[in-house]
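Source file: my_file_0.cif; contents: mmCIF, C-alpha atoms.
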data_upload
#
loop_
_atom_site.label_atom_id
_atom_site.label_comp_id
_atom_site.auth_asym_id
_atom_site.auth_seq_id
_atom_site.Cartn_x
_atom_site.Cartn_y
_atom_site.Cartn_z
CA MET A 954 6.84 149.29 123.19
CA ILE A 955 8.17 145.82 124.05
CA GLU A 956 7.18 144.62 120.60
CA TYR A 957 9.41 147.23 119.02
CA VAL A 958 12.37 146.19 121.16
CA GLN A 959 11.74 142.54 120.27
CA SER A 960 11.52 143.40 116.58
CA ILE A 961 14.75 145.38 116.67
CA LEU A 962 16.56 142.52 118.42
CA LEU A 963 15.22 139.99 115.90
CA ILE A 964 16.26 142.15 112.95
CA ILE A 965 19.74 142.64 114.47
CA SER A 966 20.10 138.89 114.87
CA ALA A 967 18.87 138.31 111.29
CA PHE A 968 21.46 140.80 110.05
CA LEU A 969 24.22 139.05 112.01
CA ILE A 970 23.12 135.66 110.70
CA ILE A 971 23.18 136.84 107.08
CA VAL A 972 26.61 138.42 107.58
CA SER A 973 27.95 135.18 109.05
CA ALA A 974 26.43 133.17 106.18
CA ILE A 975 28.14 135.41 103.64
CA GLY A 976 31.41 135.09 105.55
CA LEU A 977 31.10 131.33 105.73
CA ILE A 978 30.63 131.10 101.97
CA SER A 979 33.13 133.73 100.90
CA LEU A 980 36.12 132.23 102.72
CA SER A 981 38.05 130.36 100.07
CA GLY A 982 39.01 126.77 100.74
CA ASN A 983 42.63 127.50 99.87
CA THR A 984 43.03 130.09 102.62
CA ARG A 985 45.40 129.21 105.43
CA ASN A 986 43.67 128.07 108.62
CA VAL A 987 40.26 128.26 106.97
CA VAL A 988 38.67 125.87 109.45
CA TYR A 989 39.58 128.05 112.42
CA GLY A 990 38.25 131.07 110.54
CA ARG A 991 34.96 129.33 109.92
CA ILE A 992 34.70 128.28 113.55
CA HIS A 993 35.19 131.94 114.45
CA ILE A 994 32.40 132.96 112.05
CA VAL A 995 30.09 130.39 113.60
CA GLY A 996 30.70 132.19 116.90
CA VAL A 997 28.95 135.23 115.41
CA PHE A 998 26.04 133.00 114.41
CA ASP A 999 25.84 131.60 117.95
CA ILE A 1000 25.60 135.07 119.48
CA ALA A 1001 22.95 136.03 116.91
CA CYS A 1002 20.92 132.98 117.91
CA ILE A 1003 21.25 133.95 121.59
CA ILE A 1004 19.98 137.47 120.81
CA ALA A 1005 17.04 135.96 118.93
CA MET A 1006 16.22 133.66 121.85
CA ILE A 1007 16.28 136.60 124.28
CA ALA A 1008 14.00 138.53 121.94
CA LEU A 1009 11.58 135.60 121.85
CA GLY A 1010 11.50 135.44 125.65
CA GLN A 1011 13.34 132.13 125.99
CA TYR A 1012 15.92 133.18 128.57
CA LEU A 1013 16.71 129.69 129.85
CA LEU A 1014 17.42 128.40 126.34
CA ALA A 1015 19.57 131.45 125.66
CA GLY A 1016 21.58 130.81 128.84
CA ILE A 1017 22.08 127.14 128.01
CA TYR A 1018 23.14 127.96 124.48
CA PHE A 1019 25.46 130.70 125.74
CA ILE A 1020 27.24 128.15 127.94
CA LEU A 1021 27.33 125.27 125.44
CA ALA A 1022 28.39 127.07 122.24
CA PRO A 1023 32.06 127.73 123.23
CA PHE A 1024 32.47 124.09 124.26
CA THR A 1025 31.33 122.98 120.81
CA ALA A 1026 33.67 125.38 119.02
CA HIS A 1027 36.62 124.36 121.18
CA ALA A 1028 35.94 120.63 120.74
CA ILE A 1029 35.80 120.93 116.95
CA ALA A 1030 38.96 123.05 116.82
CA ASN A 1031 40.75 120.63 119.14
CA ALA A 1032 39.78 117.61 117.03
CA TYR A 1033 40.89 119.39 113.86
CA TRP A 1034 44.21 120.33 115.43
CA LYS A 1035 44.91 116.82 116.63
CA LYS A 1036 44.07 114.85 113.51
CA GLU A 1037 43.72 117.01 110.44
CA ASP A 1038 45.72 120.22 110.77
CA ARG A 1039 48.77 119.42 108.65
CA GLU A 1040 49.61 123.10 108.18
CA ASN A 1041 50.39 123.79 111.83
CA ASN A 1042 50.68 120.49 113.69
CA VAL A 1043 54.16 119.10 113.04
CA ASP A 1044 53.35 115.77 114.66
CA LEU A 1045 50.98 114.88 111.83
CA LEU A 1046 53.70 115.26 109.18
CA THR A 1047 55.96 112.51 110.56
CA VAL A 1048 54.49 109.10 109.99
CA GLU A 1049 55.99 106.42 112.17
CA GLU A 1050 55.85 103.06 110.50
CA GLU A 1051 56.23 100.23 112.98
CA VAL A 1052 56.07 96.89 111.22
CA ASP A 1053 56.99 93.62 112.82
CA GLU A 1054 59.70 91.75 110.90
CA ASN A 1055 58.10 88.40 111.49
CA HIS A 1056 54.59 89.39 110.48
CA PRO A 1057 53.33 86.95 107.84
CA PHE A 1058 51.39 89.44 105.74
CA ILE A 1059 52.59 92.98 106.49
CA HIS A 1060 56.09 93.86 105.34
CA PRO A 1061 58.01 97.14 105.52
CA LYS A 1062 57.87 99.32 102.45
CA GLU A 1063 61.66 99.47 102.03
CA LYS A 1064 61.93 95.70 102.15
CA MET A 1065 59.33 95.26 99.45
CA GLN A 1066 60.98 97.87 97.26
CA ALA A 1067 64.32 96.13 97.62
CA LEU A 1068 62.71 92.83 96.65
CA GLU A 1069 60.98 94.26 93.62
CA SER A 1070 64.00 96.08 92.24
CA GLU A 1071 65.68 94.53 89.22
CA ASN A 1072 69.06 94.13 90.90
CA SER A 1073 67.66 92.23 93.82
CA GLU A 1074 69.90 89.32 94.76
CA LYS A 1075 67.08 87.34 96.20
CA LEU A 1076 65.04 87.69 93.04
CA LYS A 1077 67.91 86.35 90.98
CA ALA A 1078 68.53 83.45 93.30
CA ASP A 1079 64.90 82.48 93.64
CA ASP A 1080 63.79 79.99 91.00
CA ARG A 1081 60.15 80.68 91.57
CA PHE A 1082 60.36 83.98 89.75
CA SER A 1083 60.98 83.77 86.04
CA VAL A 1084 60.40 86.15 83.21
CA THR A 1085 59.13 84.79 79.90
CA THR A 1086 58.54 86.59 76.68
CA ILE A 1087 56.21 85.26 74.05
CA THR A 1088 56.61 86.32 70.50
CA ILE A 1089 53.53 86.08 68.35
CA ASP A 1090 54.06 85.82 64.68
CA GLU A 1091 50.95 86.69 62.76
CA GLY A 1092 52.11 84.98 59.60
CA GLU A 1093 51.80 81.47 61.02
CA MET B 278 0.82 143.24 109.52
CA ASP B 279 2.48 143.46 112.91
CA ILE B 280 6.14 144.48 112.89
CA LEU B 281 7.03 141.64 115.23
CA ILE B 282 5.67 139.04 112.83
CA ILE B 283 7.53 140.63 109.92
CA SER B 284 10.82 140.55 111.84
CA GLU B 285 10.21 136.91 112.79
CA TYR B 286 9.73 136.02 109.14
CA ILE B 287 12.91 137.93 108.25
CA LEU B 288 14.80 135.92 110.88
CA VAL B 289 13.45 132.65 109.49
CA ILE B 290 14.64 133.62 106.01
CA ALA B 291 18.08 134.49 107.43
CA LEU B 292 18.21 131.13 109.21
CA VAL B 293 17.38 129.29 105.98
CA ILE B 294 20.18 131.19 104.21
CA MET B 295 22.55 130.25 107.03
CA MET B 296 21.52 126.59 106.76
CA LEU B 297 22.29 126.56 103.03
CA ALA B 298 25.63 128.31 103.62
CA SER B 299 26.66 125.86 106.30
CA LEU B 300 25.59 122.97 104.07
CA ARG B 301 27.93 124.31 101.41
CA ALA B 302 30.72 124.83 103.96
CA SER B 303 30.35 121.34 105.36
CA ALA B 304 31.32 119.93 101.96
CA TYR B 305 34.90 121.06 102.62
CA ARG B 306 37.44 118.25 102.60
CA SER B 307 38.02 117.93 106.35
CA THR B 308 35.74 116.02 108.69
CA SER B 309 35.74 118.86 111.21
CA MET B 310 34.04 121.16 108.74
CA GLY B 311 31.25 118.62 108.28
CA LEU B 312 30.88 118.48 112.03
CA LEU B 313 30.74 122.26 112.27
CA GLY B 314 28.22 122.54 109.45
CA SER B 315 25.89 119.94 110.93
CA SER B 316 26.11 121.66 114.32
CA VAL B 317 25.14 125.00 112.75
CA ILE B 318 22.22 123.41 110.89
CA VAL B 319 20.86 121.85 114.08
CA ASN B 320 21.10 125.13 116.01
CA ALA B 321 19.52 127.12 113.17
CA PHE B 322 16.67 124.63 113.00
CA ALA B 323 16.18 124.90 116.76
CA VAL B 324 15.85 128.69 116.57
CA ALA B 325 13.51 128.38 113.58
CA LEU B 326 11.36 126.02 115.65
CA LEU B 327 11.27 128.59 118.46
CA ILE B 328 10.02 131.20 116.01
CA GLY B 329 7.43 128.80 114.62
CA GLY B 330 6.25 128.11 118.15
CA SER B 331 5.84 131.80 118.88
CA LEU B 332 4.05 132.41 115.55
CA TYR B 333 1.47 129.66 116.00
CA ASN B 334 1.35 129.61 119.82
CA LEU B 335 2.63 126.06 120.11
CA GLU B 336 4.31 125.44 123.47
CA PHE B 337 5.89 122.09 122.70
CA PHE B 338 8.09 123.60 120.00
CA ARG B 339 10.17 125.07 122.81
CA ASP B 340 10.77 121.60 124.27
CA ILE B 341 11.80 120.22 120.90
CA SER B 342 14.15 123.16 120.48
CA LEU B 343 15.70 122.55 123.89
CA ALA B 344 16.21 118.88 123.03
CA LEU B 345 17.79 119.77 119.69
CA ILE B 346 20.22 122.21 121.25
CA PHE B 347 21.21 119.92 124.09
CA PHE B 348 21.53 116.67 122.15
CA GLY B 349 23.14 118.43 119.21
CA PHE B 350 25.79 119.65 121.63
CA VAL B 351 26.25 116.16 123.09
CA GLY B 352 26.58 114.59 119.63
CA THR B 353 29.04 117.19 118.45
CA ILE B 354 31.23 116.80 121.53
CA ALA B 355 31.13 113.00 121.27
CA PHE B 356 32.08 113.02 117.62
CA ALA B 357 34.84 115.57 118.19
CA VAL B 358 36.33 113.55 121.05
CA THR B 359 36.23 110.39 118.91
CA LEU B 360 37.81 112.23 116.01
CA GLY B 361 40.54 113.76 118.14
CA GLY B 362 41.59 110.50 119.74
CA GLU B 363 43.44 110.08 122.97
CA ASP B 364 45.97 112.49 124.40
CA LYS B 365 49.59 111.42 124.20
#

Structure re-expressed in structure tokens:
Amino acid sequence: MIEYVQSILLIISAFLIIVSAIGLISLSGNTRNVVYGRIHIVGVFDIACIIAMIALGQYLLAGIYFILAPFTAHAIANAYWKKEDRENNVDLLTVEEEVDENHPFIHPKEKMQALESENSEKLKADDRFSVTTITIDEGE
Amino acid sequence: MDILIISEYILVIALVIMMLASLRASAYRSTSMGLLGSSVIVNAFAVALLIGGSLYNLEFFRDISLALIFFGFVGTIAFAVTLGGEDK
């Protein structure tokens, strides 16, 4: 009798795992908030694994996994929100550029663009920059 | 064949399918998806080891599975904290 209960639990967990695998694949990459959706799907997989562990008689492992799985999901979602979620996190869209004026190698982008423009006064005044054109005549 | 053994084999096949699916999902462009996919693969492998241990009556497979689950969790948390950075 116990074998039948174990078998039913294992088959239920296998069904849940296959459903979560199909869900993980079928979510398109262009969907909004796809990472959170996939984390949610992995939650189904975690519960399926816990059911399988209970069916196999590993109650301690199932308890440990039951406690640890939400921490993992939350940590991944938190890291994604902080650094990579440009759809929802407004702080990631504003890039603060703090460049020291006196730094010998790093210069602000606006300053470099002003220097490189054709109407730059400094470029005209500086003798080090000169533009030469060479004409090649093939007849000679 | 015993129905329990058949269901264990079915579960192993499902776990292999889940590993391939999470491998595909971890190729998404964000680092967090790679982290999630590797975490799923480790947990699926741990459960598959448990099933292998019960099929062949090997006790130490359970210990390896426990180590995989625990250290997989620690690695995932450490990587996620490093990825997230400090709080403002």

Per residue of chain B within 6 Å of chain A, note the shortest atom pair and the distance in Å to one decimal, counting all atoms listed in the file, and order the rows by chain and increasing residue number, as JSON lines.
{"residue": "B:Leu281", "atom": "CA", "partner": "A:Ser960", "partner_atom": "CA", "distance": 5.0}
{"residue": "B:Ser284", "atom": "CA", "partner": "A:Ser960", "partner_atom": "CA", "distance": 5.6}
{"residue": "B:Leu288", "atom": "CA", "partner": "A:Ala967", "partner_atom": "CA", "distance": 4.7}
{"residue": "B:Ala291", "atom": "CA", "partner": "A:Ala967", "partner_atom": "CA", "distance": 5.5}
{"residue": "B:Met295", "atom": "CA", "partner": "A:Ala974", "partner_atom": "CA", "distance": 4.9}
{"residue": "B:Ala298", "atom": "CA", "partner": "A:Ala974", "partner_atom": "CA", "distance": 5.6}
{"residue": "B:Ser309", "atom": "CA", "partner": "A:Tyr1033", "partner_atom": "CA", "distance": 5.8}
{"residue": "B:Ala357", "atom": "CA", "partner": "A:Ala1032", "partner_atom": "CA", "distance": 5.5}
{"residue": "B:Leu360", "atom": "CA", "partner": "A:Ala1032", "partner_atom": "CA", "distance": 5.8}
{"residue": "B:Gly361", "atom": "CA", "partner": "A:Ala1032", "partner_atom": "CA", "distance": 4.1}

One-decimal distance in Å that lies between atom CA of Leu327 of chain B and atom CA of Leu345 of chain B =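 Taking atom CA of Leu345 of chain B and atom CA of Leu327 of chain B, their separation equals 11.0 Å.
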
key: Point-to-point distance in Å for atom CA of Ile1004 of chain A and atom CA of Gly314 of chain B   =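 That distance, rounded to one decimal, is 20.5 Å.
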
query = Of the candidates B:Ile346, B:Met310, B:Val317, B:Ala304, which one gets nearest to Leu292 of chain B if we count all atoms listed in the file?
reply =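 With all atoms listed in the file as the atom set, the closest residue is B:Val317.
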
inquiry  = What does the structure give for the distance between atom CA of Ala323 of chain B and atom CA of Val351 of chain B, in Å to one decimal?
reply    =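 These two atoms are separated by 14.8 Å.
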
request  = Between A:Ile1000, A:Ile1087, A:Ala1008, A:Val1043, single out the one closest to Glu285 of chain B, counting only C-alpha atoms.
outcome  =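 Closest to Glu285 of chain B of all the choices is A:Ala1008.
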
Is it possible to add N, CA and C atoms to segment 995-1020 of chain A and hand it back as a PDB file, in the frame of the given file?
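Saved the output as part_4.pdb:
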ATOM      1  N   VAL A 995      31.229 131.054 112.956  1.00  0.00           N
ATOM      2  CA  VAL A 995      30.090 130.390 113.600  1.00  0.00           C
ATOM      3  C   VAL A 995      29.832 130.969 114.996  1.00  0.00           C
ATOM      4  N   GLY A 996      30.880 131.492 115.631  1.00  0.00           N
ATOM      5  CA  GLY A 996      30.700 132.190 116.900  1.00  0.00           C
ATOM      6  C   GLY A 996      29.765 133.386 116.783  1.00  0.00           C
ATOM      7  N   VAL A 997      29.880 134.110 115.667  1.00  0.00           N
ATOM      8  CA  VAL A 997      28.950 135.230 115.410  1.00  0.00           C
ATOM      9  C   VAL A 997      27.522 134.714 115.282  1.00  0.00           C
ATOM     10  N   PHE A 998      27.380 133.605 114.569  1.00  0.00           N
ATOM     11  CA  PHE A 998      26.040 133.000 114.410  1.00  0.00           C
ATOM     12  C   PHE A 998      25.467 132.580 115.769  1.00  0.00           C
ATOM     13  N   ASP A 999      26.309 132.031 116.634  1.00  0.00           N
ATOM     14  CA  ASP A 999      25.840 131.600 117.950  1.00  0.00           C
ATOM     15  C   ASP A 999      25.300 132.789 118.755  1.00  0.00           C
ATOM     16  N   ILE A1000      26.050 133.892 118.735  1.00  0.00           N
ATOM     17  CA  ILE A1000      25.600 135.070 119.480  1.00  0.00           C
ATOM     18  C   ILE A1000      24.313 135.633 118.878  1.00  0.00           C
ATOM     19  N   ALA A1001      24.193 135.575 117.554  1.00  0.00           N
ATOM     20  CA  ALA A1001      22.950 136.030 116.910  1.00  0.00           C
ATOM     21  C   ALA A1001      21.769 135.177 117.352  1.00  0.00           C
ATOM     22  N   CYS A1002      21.995 133.870 117.454  1.00  0.00           N
ATOM     23  CA  CYS A1002      20.920 132.980 117.910  1.00  0.00           C
ATOM     24  C   CYS A1002      20.549 133.308 119.364  1.00  0.00           C
ATOM     25  N   ILE A1003      21.537 133.617 120.188  1.00  0.00           N
ATOM     26  CA  ILE A1003      21.250 133.950 121.590  1.00  0.00           C
ATOM     27  C   ILE A1003      20.423 135.236 121.664  1.00  0.00           C
ATOM     28  N   ILE A1004      20.768 136.222 120.843  1.00  0.00           N
ATOM     29  CA  ILE A1004      19.980 137.470 120.810  1.00  0.00           C
ATOM     30  C   ILE A1004      18.544 137.174 120.389  1.00  0.00           C
ATOM     31  N   ALA A1005      18.389 136.299 119.387  1.00  0.00           N
ATOM     32  CA  ALA A1005      17.040 135.960 118.930  1.00  0.00           C
ATOM     33  C   ALA A1005      16.241 135.258 120.028  1.00  0.00           C
ATOM     34  N   MET A1006      16.920 134.363 120.769  1.00  0.00           N
ATOM     35  CA  MET A1006      16.220 133.660 121.850  1.00  0.00           C
ATOM     36  C   MET A1006      15.796 134.636 122.953  1.00  0.00           C
ATOM     37  N   ILE A1007      16.655 135.591 123.272  1.00  0.00           N
ATOM     38  CA  ILE A1007      16.280 136.600 124.280  1.00  0.00           C
ATOM     39  C   ILE A1007      15.088 137.419 123.786  1.00  0.00           C
ATOM     40  N   ALA A1008      15.111 137.750 122.493  1.00  0.00           N
ATOM     41  CA  ALA A1008      14.000 138.530 121.940  1.00  0.00           C
ATOM     42  C   ALA A1008      12.691 137.751 121.971  1.00  0.00           C
ATOM     43  N   LEU A1009      12.797 136.428 121.832  1.00  0.00           N
ATOM     44  CA  LEU A1009      11.580 135.600 121.850  1.00  0.00           C
ATOM     45  C   LEU A1009      11.131 135.268 123.266  1.00  0.00           C
ATOM     46  N   GLY A1010      11.896 135.679 124.259  1.00  0.00           N
ATOM     47  CA  GLY A1010      11.500 135.440 125.650  1.00  0.00           C
ATOM     48  C   GLY A1010      11.967 134.123 126.221  1.00  0.00           C
ATOM     49  N   GLN A1011      12.862 133.426 125.513  1.00  0.00           N
ATOM     50  CA  GLN A1011      13.340 132.130 125.990  1.00  0.00           C
ATOM     51  C   GLN A1011      14.696 132.337 126.677  1.00  0.00           C
ATOM     52  N   TYR A1012      14.662 132.818 127.895  1.00  0.00           N
ATOM     53  CA  TYR A1012      15.920 133.180 128.570  1.00  0.00           C
ATOM     54  C   TYR A1012      16.716 131.960 128.998  1.00  0.00           C
ATOM     55  N   LEU A1013      16.015 130.905 129.410  1.00  0.00           N
ATOM     56  CA  LEU A1013      16.710 129.690 129.850  1.00  0.00           C
ATOM     57  C   LEU A1013      17.461 129.043 128.676  1.00  0.00           C
ATOM     58  N   LEU A1014      16.770 128.968 127.529  1.00  0.00           N
ATOM     59  CA  LEU A1014      17.420 128.400 126.340  1.00  0.00           C
ATOM     60  C   LEU A1014      18.631 129.250 125.938  1.00  0.00           C
ATOM     61  N   ALA A1015      18.470 130.562 126.021  1.00  0.00           N
ATOM     62  CA  ALA A1015      19.570 131.450 125.660  1.00  0.00           C
ATOM     63  C   ALA A1015      20.766 131.227 126.598  1.00  0.00           C
ATOM     64  N   GLY A1016      20.502 131.057 127.883  1.00  0.00           N
ATOM     65  CA  GLY A1016      21.580 130.810 128.840  1.00  0.00           C
ATOM     66  C   GLY A1016      22.282 129.498 128.568  1.00  0.00           C
ATOM     67  N   ILE A1017      21.479 128.455 128.293  1.00  0.00           N
ATOM     68  CA  ILE A1017      22.080 127.140 128.010  1.00  0.00           C
ATOM     69  C   ILE A1017      22.937 127.205 126.753  1.00  0.00           C
ATOM     70  N   TYR A1018      22.402 127.853 125.730  1.00  0.00           N
ATOM     71  CA  TYR A1018      23.140 127.960 124.480  1.00  0.00           C
ATOM     72  C   TYR A1018      24.400 128.796 124.655  1.00  0.00           C
ATOM     73  N   PHE A1019      24.305 129.841 125.479  1.00  0.00           N
ATOM     74  CA  PHE A1019      25.460 130.700 125.740  1.00  0.00           C
ATOM     75  C   PHE A1019      26.584 129.918 126.416  1.00  0.00           C
ATOM     76  N   ILE A1020      26.212 128.951 127.258  1.00  0.00           N
ATOM     77  CA  ILE A1020      27.240 128.150 127.940  1.00  0.00           C
ATOM     78  C   ILE A1020      27.782 127.070 127.016  1.00  0.00           C
TER      79      ILE A1020
END
